[in-house]
Structures are given as C-alpha cells and as structure tokens.
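Asks: The following file, final28.cif, comprises mmCIF, C-alpha atoms, pLDDT in the B column; chains and numbers go by the auth columns:
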data_input
loop_
_atom_site.group_PDB
_atom_site.id
_atom_site.type_symbol
_atom_site.label_atom_id
_atom_site.label_comp_id
_atom_site.label_asym_id
_atom_site.label_seq_id
_atom_site.Cartn_x
_atom_site.Cartn_y
_atom_site.Cartn_z
_atom_site.B_iso_or_equiv
_atom_site.auth_seq_id
_atom_site.auth_asym_id
ATOM 1 C CA MET A 1 -17.470 11.870 4.654 60.00 86 A
ATOM 2 C CA SER A 2 -19.231 14.007 2.105 58.00 87 A
ATOM 3 C CA GLU A 3 -21.816 11.739 0.536 76.00 88 A
ATOM 4 C CA SER A 4 -24.555 9.296 1.347 89.00 89 A
ATOM 5 C CA LEU A 5 -23.632 5.611 1.058 92.00 90 A
ATOM 6 C CA ILE A 6 -25.691 2.455 1.310 94.00 91 A
ATOM 7 C CA ILE A 7 -23.617 -0.043 3.274 95.00 92 A
ATOM 8 C CA GLN A 8 -24.141 -3.688 4.147 94.00 93 A
ATOM 9 C CA ILE A 9 -23.462 -4.999 7.661 92.00 94 A
ATOM 10 C CA PRO A 10 -23.825 -8.752 7.039 91.00 95 A
ATOM 11 C CA LEU A 11 -23.790 -9.686 10.735 88.00 96 A
ATOM 12 C CA GLY A 12 -26.036 -6.781 11.678 86.00 97 A
ATOM 13 C CA LEU A 13 -25.543 -4.779 14.852 86.00 98 A
ATOM 14 C CA PRO A 14 -26.198 -6.114 18.360 84.00 99 A
ATOM 15 C CA GLY A 15 -29.919 -5.878 18.946 78.00 100 A
ATOM 16 C CA LEU A 16 -30.565 -5.195 15.237 72.00 101 A
ATOM 17 C CA THR A 17 -29.655 -8.487 13.619 64.00 102 A
ATOM 18 C CA THR A 18 -32.541 -8.345 11.133 68.00 103 A
ATOM 19 C CA GLY A 19 -31.363 -5.071 9.595 68.00 104 A
ATOM 20 C CA VAL A 20 -28.260 -5.468 7.459 87.00 105 A
ATOM 21 C CA SER A 21 -28.579 -2.561 5.017 91.00 106 A
ATOM 22 C CA PHE A 22 -27.896 0.966 6.260 92.00 107 A
ATOM 23 C CA GLU A 23 -27.659 4.424 4.802 94.00 108 A
ATOM 24 C CA LEU A 24 -24.613 6.312 6.018 94.00 109 A
ATOM 25 C CA ARG A 25 -24.772 10.057 5.474 93.00 110 A
ATOM 26 C CA ALA A 26 -22.834 13.017 6.807 88.00 111 A
ATOM 27 C CA ARG A 27 -24.657 15.062 9.415 85.00 112 A
ATOM 28 C CA SER A 28 -23.574 18.164 7.474 85.00 113 A
ATOM 29 C CA PRO A 29 -20.907 18.844 4.836 83.00 114 A
ATOM 30 C CA GLY A 30 -17.411 18.434 6.305 81.00 115 A
ATOM 31 C CA SER A 31 -18.721 17.141 9.645 88.00 116 A
ATOM 32 C CA ALA A 32 -17.015 14.279 11.512 92.00 117 A
ATOM 33 C CA TYR A 33 -20.516 13.166 12.537 94.00 118 A
ATOM 34 C CA ALA A 34 -22.736 10.928 10.428 95.00 119 A
ATOM 35 C CA TRP A 35 -26.140 9.290 10.623 95.00 120 A
ATOM 36 C CA LEU A 36 -26.428 5.518 10.273 94.00 121 A
ATOM 37 C CA ARG A 37 -30.022 4.659 9.325 92.00 122 A
ATOM 38 C CA SER A 38 -31.417 1.180 8.871 90.00 123 A
ATOM 39 C CA THR A 39 -32.971 0.699 5.444 91.00 124 A
ATOM 40 C CA THR A 40 -34.282 -2.780 6.320 84.00 125 A
ATOM 41 C CA GLY A 41 -35.803 -4.122 9.491 71.00 126 A
ATOM 42 C CA PRO A 42 -36.763 -1.794 12.323 73.00 127 A
ATOM 43 C CA SER A 43 -36.675 1.951 11.694 83.00 128 A
ATOM 44 C CA ILE A 44 -33.658 3.206 13.576 88.00 129 A
ATOM 45 C CA GLU A 45 -31.153 6.020 13.140 92.00 130 A
ATOM 46 C CA LEU A 46 -27.872 6.181 15.060 93.00 131 A
ATOM 47 C CA LEU A 47 -25.468 9.086 15.455 95.00 132 A
ATOM 48 C CA ALA A 48 -21.835 8.191 14.813 96.00 133 A
ATOM 49 C CA ILE A 49 -18.500 10.012 14.697 96.00 134 A
ATOM 50 C CA ASP A 50 -15.308 9.319 12.756 96.00 135 A
ATOM 51 C CA VAL A 51 -12.977 7.878 15.421 97.00 136 A
ATOM 52 C CA LEU A 52 -9.937 9.550 13.867 96.00 137 A
ATOM 53 C CA SER A 53 -11.494 12.934 14.616 95.00 138 A
ATOM 54 C CA LEU A 54 -11.336 11.975 18.306 95.00 139 A
ATOM 55 C CA ARG A 55 -8.127 9.926 18.463 95.00 140 A
ATOM 56 C CA ARG A 56 -5.431 10.045 15.775 95.00 141 A
ATOM 57 C CA ASP A 57 -3.751 7.003 17.424 96.00 142 A
ATOM 58 C CA TYR A 58 -6.758 4.734 16.893 97.00 143 A
ATOM 59 C CA PRO A 59 -5.677 1.207 15.755 96.00 144 A
ATOM 60 C CA ILE A 60 -7.014 1.179 12.171 95.00 145 A
ATOM 61 C CA ASP A 61 -4.568 -1.597 11.175 94.00 146 A
ATOM 62 C CA GLN A 62 -5.911 -3.820 13.957 95.00 147 A
ATOM 63 C CA LEU A 63 -9.463 -3.172 12.756 96.00 148 A
ATOM 64 C CA ARG A 64 -8.447 -4.122 9.205 94.00 149 A
ATOM 65 C CA ARG A 65 -7.104 -7.489 10.455 94.00 150 A
ATOM 66 C CA ASN A 66 -10.350 -8.115 12.345 94.00 151 A
ATOM 67 C CA LEU A 67 -12.354 -7.511 9.153 94.00 152 A
ATOM 68 C CA ALA A 68 -10.661 -10.366 7.249 93.00 153 A
ATOM 69 C CA PHE A 69 -13.977 -12.272 7.113 94.00 154 A
ATOM 70 C CA LEU A 70 -15.377 -9.543 4.828 95.00 155 A
ATOM 71 C CA HIS A 71 -12.613 -10.217 2.238 94.00 156 A
ATOM 72 C CA LEU A 72 -11.783 -6.551 1.686 95.00 157 A
ATOM 73 C CA ASP A 73 -8.862 -5.577 -0.555 94.00 158 A
ATOM 74 C CA ASP A 74 -5.677 -4.816 1.399 92.00 159 A
ATOM 75 C CA ASP A 75 -5.658 -1.233 0.132 94.00 160 A
ATOM 76 C CA GLU A 76 -9.371 -0.547 0.646 96.00 161 A
ATOM 77 C CA PRO A 77 -9.881 2.712 2.537 96.00 162 A
ATOM 78 C CA LEU A 78 -11.649 2.241 5.862 97.00 163 A
ATOM 79 C CA LEU A 79 -13.898 4.522 7.866 96.00 164 A
ATOM 80 C CA ALA A 80 -14.167 3.683 11.562 97.00 165 A
ATOM 81 C CA LEU A 81 -17.245 5.106 13.277 97.00 166 A
ATOM 82 C CA ALA A 82 -17.960 5.267 16.985 98.00 167 A
ATOM 83 C CA LEU A 83 -21.658 5.084 17.812 96.00 168 A
ATOM 84 C CA CYS A 84 -22.717 7.983 20.037 96.00 169 A
ATOM 85 C CA THR A 85 -25.026 8.207 23.014 95.00 170 A
ATOM 86 C CA VAL A 86 -26.647 11.590 23.540 92.00 171 A
ATOM 87 C CA PRO A 87 -28.572 11.836 26.813 89.00 172 A
ATOM 88 C CA GLN A 88 -31.037 14.589 27.748 88.00 173 A
ATOM 89 C CA ARG A 89 -28.059 16.679 28.845 87.00 174 A
ATOM 90 C CA PRO A 90 -26.077 16.794 25.551 82.00 175 A
ATOM 91 C CA ALA A 91 -22.895 17.926 27.330 84.00 176 A
ATOM 92 C CA ALA A 92 -22.668 14.358 28.697 90.00 177 A
ATOM 93 C CA ALA A 93 -22.658 12.774 25.198 94.00 178 A
ATOM 94 C CA THR A 94 -20.291 9.833 24.699 96.00 179 A
ATOM 95 C CA ALA A 95 -18.815 7.725 21.900 97.00 180 A
ATOM 96 C CA ASN A 96 -18.230 3.965 21.890 97.00 181 A
ATOM 97 C CA LEU A 97 -14.535 3.663 20.994 97.00 182 A
ATOM 98 C CA LEU A 98 -14.486 0.060 22.228 97.00 183 A
ATOM 99 C CA ALA A 99 -16.723 -1.296 19.447 97.00 184 A
ATOM 100 C CA PRO A 100 -16.572 0.818 16.276 98.00 185 A
ATOM 101 C CA VAL A 101 -18.515 0.159 13.100 97.00 186 A
ATOM 102 C CA VAL A 102 -15.845 -0.172 10.409 97.00 187 A
ATOM 103 C CA VAL A 103 -16.791 0.475 6.774 97.00 188 A
ATOM 104 C CA GLY A 104 -14.873 -0.554 3.656 96.00 189 A
ATOM 105 C CA LEU A 105 -15.473 2.509 1.506 94.00 190 A
ATOM 106 C CA ARG A 106 -15.115 0.756 -1.877 95.00 191 A
ATOM 107 C CA SER A 107 -16.980 -2.471 -1.129 96.00 192 A
ATOM 108 C CA ARG A 108 -19.434 -0.744 1.220 96.00 193 A
ATOM 109 C CA LYS A 109 -19.263 -3.746 3.537 96.00 194 A
ATOM 110 C CA ALA A 110 -19.062 -3.116 7.269 96.00 195 A
ATOM 111 C CA ALA A 111 -18.978 -4.793 10.667 96.00 196 A
ATOM 112 C CA GLN A 112 -18.950 -3.784 14.287 96.00 197 A
ATOM 113 C CA ILE A 113 -15.623 -4.830 15.794 96.00 198 A
ATOM 114 C CA VAL A 114 -14.957 -5.153 19.533 95.00 199 A
ATOM 115 C CA LEU A 115 -11.442 -4.154 20.554 95.00 200 A
ATOM 116 C CA HIS A 116 -9.999 -6.023 23.522 93.00 201 A
ATOM 117 C CA ASP A 117 -7.779 -3.172 24.653 93.00 202 A
ATOM 118 C CA PRO A 118 -8.138 -1.214 27.909 93.00 203 A
ATOM 119 C CA ARG A 119 -7.205 2.056 26.159 93.00 204 A
ATOM 120 C CA TRP A 120 -10.642 2.231 24.568 96.00 205 A
ATOM 121 C CA SER A 121 -13.941 2.853 26.330 95.00 206 A
ATOM 122 C CA GLU A 122 -17.579 2.397 25.404 95.00 207 A
ATOM 123 C CA ASP A 123 -18.357 5.795 26.950 95.00 208 A
ATOM 124 C CA ALA A 124 -15.597 8.184 25.884 95.00 209 A
ATOM 125 C CA PRO A 125 -16.705 11.804 26.380 94.00 210 A
ATOM 126 C CA LEU A 126 -17.368 13.761 23.196 93.00 211 A
ATOM 127 C CA PRO A 127 -15.788 17.195 22.830 85.00 212 A
ATOM 128 C CA GLY A 128 -18.102 20.036 23.843 70.00 213 A
#
What is this file in structure tokens?
Replies:
Amino acid sequence: MSESLIIQIPLGLPGLTTGVSFELRARSPGSAYAWLRSTTGPSIELLAIDVLSLRRDYPIDQLRRNLAFLHLDDDEPLLALALCTVPQRPAAATANLLAPVVVGLRSRKAAQIVLHDPRWSEDAPLPG
C-alpha cells in the first residue's frame, strides 16, 4: 500500500461501532504495515499488517465470499489486514489472523471478517 485511503466500515469494528470512516495509510513507503485511524467517533489509531506478507496461503477467496453483503465487484482487488497488538516488549507483538479487516480497494468499503478455521490465530507472532 503506497497511499492514504479513506475507507468505510459500515458495521464498524468491535468496540468501535460509532466510527465507520477510517483513514488507512502506509506506515512508510513500501511497508507491509499500515495505520488505521478513525476519522469519526472516538480518536483511535490501530497498527495493521498485510496478511499476505505473513502468510501467502491466506484464504483471500473465502474472505471475498464473506464480503458479499458489501456488494463488491467480483474482480475488485482486496487488501486483508491483520490488526496488531504491540505490548511493552515489542518482540512479543502479534497479529490477529483470525479476524482480518478486508478492504475493497476500488469501492473503499471494508469489514472485519471472522474466519472459523483452526489454522488462524488471533495472536500470531509477528516476525522480529
């Protein structure tokens, strides 16, 4: 991701249901990390990472099927982001691969999707 996008998450995020508009911007040029900042509702900024940078076998097609309620075009490019948790000891940082935020890059509509698959964890270690 190389630019800043304003995206809409119509259902909000758990715990942030009043904020539906977010700015998504790369942490730095060429980085797999991005910031997701609420532009409405409470002031909050979340660190996220492109799931494909962590796992090339991530089920993007399954995520696309789960986004049907957003009425995205079949060929719309998707960006799947895992929200990160960075504790005081950054070496223990994790990514939520179980419930990614999936963004339609043309429509700029997004949703958090929960995968019911034991291969994915809500606390996958991030590379050092």
Asks: Give the answer as one residue: which of A:Pro99, A:Ser192, A:Leu132, A:Ala165 has the shortest atom-to-atom distance to Asp146 in chain A, using only C-alpha atoms?
Replies: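 For Asp146 in chain A, the nearest of the candidates is A:Ala165.
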Asks: Neighbours of Ala184 in chain A within 7 Å (all atoms listed in the file; same-chain residues fewer than 2 positions away dropped), as a VMD selection string?
Replies: chain A and resid 181 to 182 186 197 to 200
Asks: Expressed in Å to a single decimal, how great is the separation between CA of Pro162 in chain A and CA of Pro203 in chain A?
Replies: 25.7 Å
Asks: Tell me, as a count of residues only, which residues lie within 10 Å of Val187 in chain A, counting all atoms listed in the file; anything in the same chain fewer than 4 positions away does not count.
Replies: 19
Asks: Interatomic distance between CA of Pro210 in chain A and CA of Tyr143 in chain A?
Replies: 15.5 Å
Asks: Mind giving me the straight-line distance from CA of Ala177 in chain A to CA of Arg140 in chain A in Å, one decimal?
Replies: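 CA of Arg140 in chain A lies at a distance of 18.3 Å from CA of Ala177 in chain A.
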Asks: Expanded to explicit residues, what is the PyMOL selection byres ((chain A and resi 108) around 6) for this file, as a list in words?
Replies: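 Applying the expression gives Leu90, Ile91, Phe107, Leu109, Leu121 and Arg122 of chain A.
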Asks: Given the file shown, enumerate the residues that the PyMOL selection byres ((chain A and resi 208) around 7) captures and present them as a list in words.
Replies: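 On this input, the PyMOL selection byres ((chain A and resi 208) around 7) captures Thr179, Ala180, Asn181, Ser206, Glu207, Ala209 and Pro210 of chain A.
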Asks: Excluding Ser123 in chain A and residues on its chain fewer than 2 positions from it, collect all residues at most 7 Å away from it, counting all atoms listed in the file, and give them as an MDAnalysis selection string.
Replies: chainID A and resid 104 106:108 121 125:126 128:130
Asks: Selection in question (the file shown): the PyMOL selection byres ((chain A and resi 213) around 7). Which residues does it include, as a list of chain:residue names?
Replies: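 Those residues are A:Ala176, A:Leu211, A:Pro212.
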Asks: Could those residues be written to a file, using C-alpha atoms, as a short mmCIF file (atom, residue, chain, number, x, y, z; two decimals), keeping the file's coordinate frame?
Replies:
data_model
loop_
_atom_site.label_atom_id
_atom_site.label_comp_id
_atom_site.auth_asym_id
_atom_site.auth_seq_id
_atom_site.Cartn_x
_atom_site.Cartn_y
_atom_site.Cartn_z
CA ALA A 176 -22.90 17.93 27.33
CA LEU A 211 -17.37 13.76 23.20
CA PRO A 212 -15.79 17.20 22.83
#
Asks: Missing atoms in range 121-147 of chain A: fill them in up to N, CA and C atoms and send the result as a PDB file, in the frame of the given file.
Replies:
ATOM      1  N   LEU A 121     -26.370   6.899  10.749  1.00 94.00           N
ATOM      2  CA  LEU A 121     -26.428   5.518  10.273  1.00 94.00           C
ATOM      3  C   LEU A 121     -27.877   5.089  10.437  1.00 94.00           C
ATOM      4  N   ARG A 122     -28.581   4.940   9.303  1.00 92.00           N
ATOM      5  CA  ARG A 122     -30.022   4.659   9.325  1.00 92.00           C
ATOM      6  C   ARG A 122     -30.295   3.312   8.688  1.00 92.00           C
ATOM      7  N   SER A 123     -31.039   2.480   9.399  1.00 90.00           N
ATOM      8  CA  SER A 123     -31.417   1.180   8.871  1.00 90.00           C
ATOM      9  C   SER A 123     -32.359   1.369   7.700  1.00 90.00           C
ATOM     10  N   THR A 124     -32.076   0.658   6.596  1.00 91.00           N
ATOM     11  CA  THR A 124     -32.971   0.699   5.444  1.00 91.00           C
ATOM     12  C   THR A 124     -33.790  -0.585   5.342  1.00 91.00           C
ATOM     13  N   THR A 125     -33.509  -1.534   6.225  1.00 84.00           N
ATOM     14  CA  THR A 125     -34.282  -2.780   6.320  1.00 84.00           C
ATOM     15  C   THR A 125     -34.535  -3.046   7.792  1.00 84.00           C
ATOM     16  N   GLY A 126     -35.525  -3.809   8.090  1.00 71.00           N
ATOM     17  CA  GLY A 126     -35.803  -4.122   9.491  1.00 71.00           C
ATOM     18  C   GLY A 126     -36.387  -2.931  10.217  1.00 71.00           C
ATOM     19  N   PRO A 127     -36.156  -2.869  11.533  1.00 73.00           N
ATOM     20  CA  PRO A 127     -36.763  -1.794  12.323  1.00 73.00           C
ATOM     21  C   PRO A 127     -36.232  -0.427  11.912  1.00 73.00           C
ATOM     22  N   SER A 128     -37.081   0.584  12.018  1.00 83.00           N
ATOM     23  CA  SER A 128     -36.675   1.951  11.694  1.00 83.00           C
ATOM     24  C   SER A 128     -35.833   2.494  12.841  1.00 83.00           C
ATOM     25  N   ILE A 129     -34.562   2.706  12.551  1.00 88.00           N
ATOM     26  CA  ILE A 129     -33.658   3.206  13.576  1.00 88.00           C
ATOM     27  C   ILE A 129     -32.604   4.077  12.920  1.00 88.00           C
ATOM     28  N   GLU A 130     -32.196   5.125  13.624  1.00 92.00           N
ATOM     29  CA  GLU A 130     -31.153   6.020  13.140  1.00 92.00           C
ATOM     30  C   GLU A 130     -30.197   6.272  14.291  1.00 92.00           C
ATOM     31  N   LEU A 131     -28.908   6.053  14.038  1.00 93.00           N
ATOM     32  CA  LEU A 131     -27.872   6.181  15.060  1.00 93.00           C
ATOM     33  C   LEU A 131     -26.908   7.295  14.680  1.00 93.00           C
ATOM     34  N   LEU A 132     -26.481   8.066  15.673  1.00 95.00           N
ATOM     35  CA  LEU A 132     -25.468   9.086  15.455  1.00 95.00           C
ATOM     36  C   LEU A 132     -24.104   8.441  15.646  1.00 95.00           C
ATOM     37  N   ALA A 133     -23.185   8.750  14.739  1.00 96.00           N
ATOM     38  CA  ALA A 133     -21.835   8.191  14.813  1.00 96.00           C
ATOM     39  C   ALA A 133     -20.826   9.301  14.531  1.00 96.00           C
ATOM     40  N   ILE A 134     -19.576   9.059  14.949  1.00 96.00           N
ATOM     41  CA  ILE A 134     -18.500  10.012  14.697  1.00 96.00           C
ATOM     42  C   ILE A 134     -17.273   9.269  14.193  1.00 96.00           C
ATOM     43  N   ASP A 135     -16.559   9.875  13.265  1.00 96.00           N
ATOM     44  CA  ASP A 135     -15.308   9.319  12.756  1.00 96.00           C
ATOM     45  C   ASP A 135     -14.316   9.246  13.919  1.00 96.00           C
ATOM     46  N   VAL A 136     -13.853   8.031  14.250  1.00 97.00           N
ATOM     47  CA  VAL A 136     -12.977   7.878  15.421  1.00 97.00           C
ATOM     48  C   VAL A 136     -11.677   8.653  15.277  1.00 97.00           C
ATOM     49  N   LEU A 137     -11.199   8.822  14.045  1.00 96.00           N
ATOM     50  CA  LEU A 137      -9.937   9.550  13.867  1.00 96.00           C
ATOM     51  C   LEU A 137     -10.073  11.034  14.184  1.00 96.00           C
ATOM     52  N   SER A 138     -11.299  11.541  14.210  1.00 95.00           N
ATOM     53  CA  SER A 138     -11.494  12.934  14.616  1.00 95.00           C
ATOM     54  C   SER A 138     -11.344  13.080  16.131  1.00 95.00           C
ATOM     55  N   LEU A 139     -11.481  11.967  16.847  1.00 95.00           N
ATOM     56  CA  LEU A 139     -11.336  11.975  18.306  1.00 95.00           C
ATOM     57  C   LEU A 139      -9.943  11.539  18.744  1.00 95.00           C
ATOM     58  N   ARG A 140      -9.408  10.511  18.072  1.00 95.00           N
ATOM     59  CA  ARG A 140      -8.127   9.926  18.463  1.00 95.00           C
ATOM     60  C   ARG A 140      -7.324   9.561  17.221  1.00 95.00           C
ATOM     61  N   ARG A 141      -6.284  10.316  16.942  1.00 95.00           N
ATOM     62  CA  ARG A 141      -5.431  10.045  15.775  1.00 95.00           C
ATOM     63  C   ARG A 141      -4.663   8.736  15.932  1.00 95.00           C
ATOM     64  N   ASP A 142      -4.510   8.241  17.171  1.00 96.00           N
ATOM     65  CA  ASP A 142      -3.751   7.003  17.424  1.00 96.00           C
ATOM     66  C   ASP A 142      -4.634   5.756  17.432  1.00 96.00           C
ATOM     67  N   TYR A 143      -5.833   5.865  16.901  1.00 97.00           N
ATOM     68  CA  TYR A 143      -6.758   4.734  16.893  1.00 97.00           C
ATOM     69  C   TYR A 143      -6.198   3.608  16.020  1.00 97.00           C
ATOM     70  N   PRO A 144      -6.335   2.339  16.437  1.00 96.00           N
ATOM     71  CA  PRO A 144      -5.677   1.207  15.755  1.00 96.00           C
ATOM     72  C   PRO A 144      -6.394   0.724  14.483  1.00 96.00           C
ATOM     73  N   ILE A 145      -6.348   1.525  13.432  1.00 95.00           N
ATOM     74  CA  ILE A 145      -7.014   1.179  12.171  1.00 95.00           C
ATOM     75  C   ILE A 145      -6.467  -0.133  11.602  1.00 95.00           C
ATOM     76  N   ASP A 146      -5.151  -0.350  11.702  1.00 94.00           N
ATOM     77  CA  ASP A 146      -4.568  -1.597  11.175  1.00 94.00           C
ATOM     78  C   ASP A 146      -5.122  -2.823  11.896  1.00 94.00           C
ATOM     79  N   GLN A 147      -5.323  -2.708  13.196  1.00 95.00           N
ATOM     80  CA  GLN A 147      -5.911  -3.820  13.957  1.00 95.00           C
ATOM     81  C   GLN A 147      -7.349  -4.078  13.498  1.00 95.00           C
TER      82      GLN A 147
END
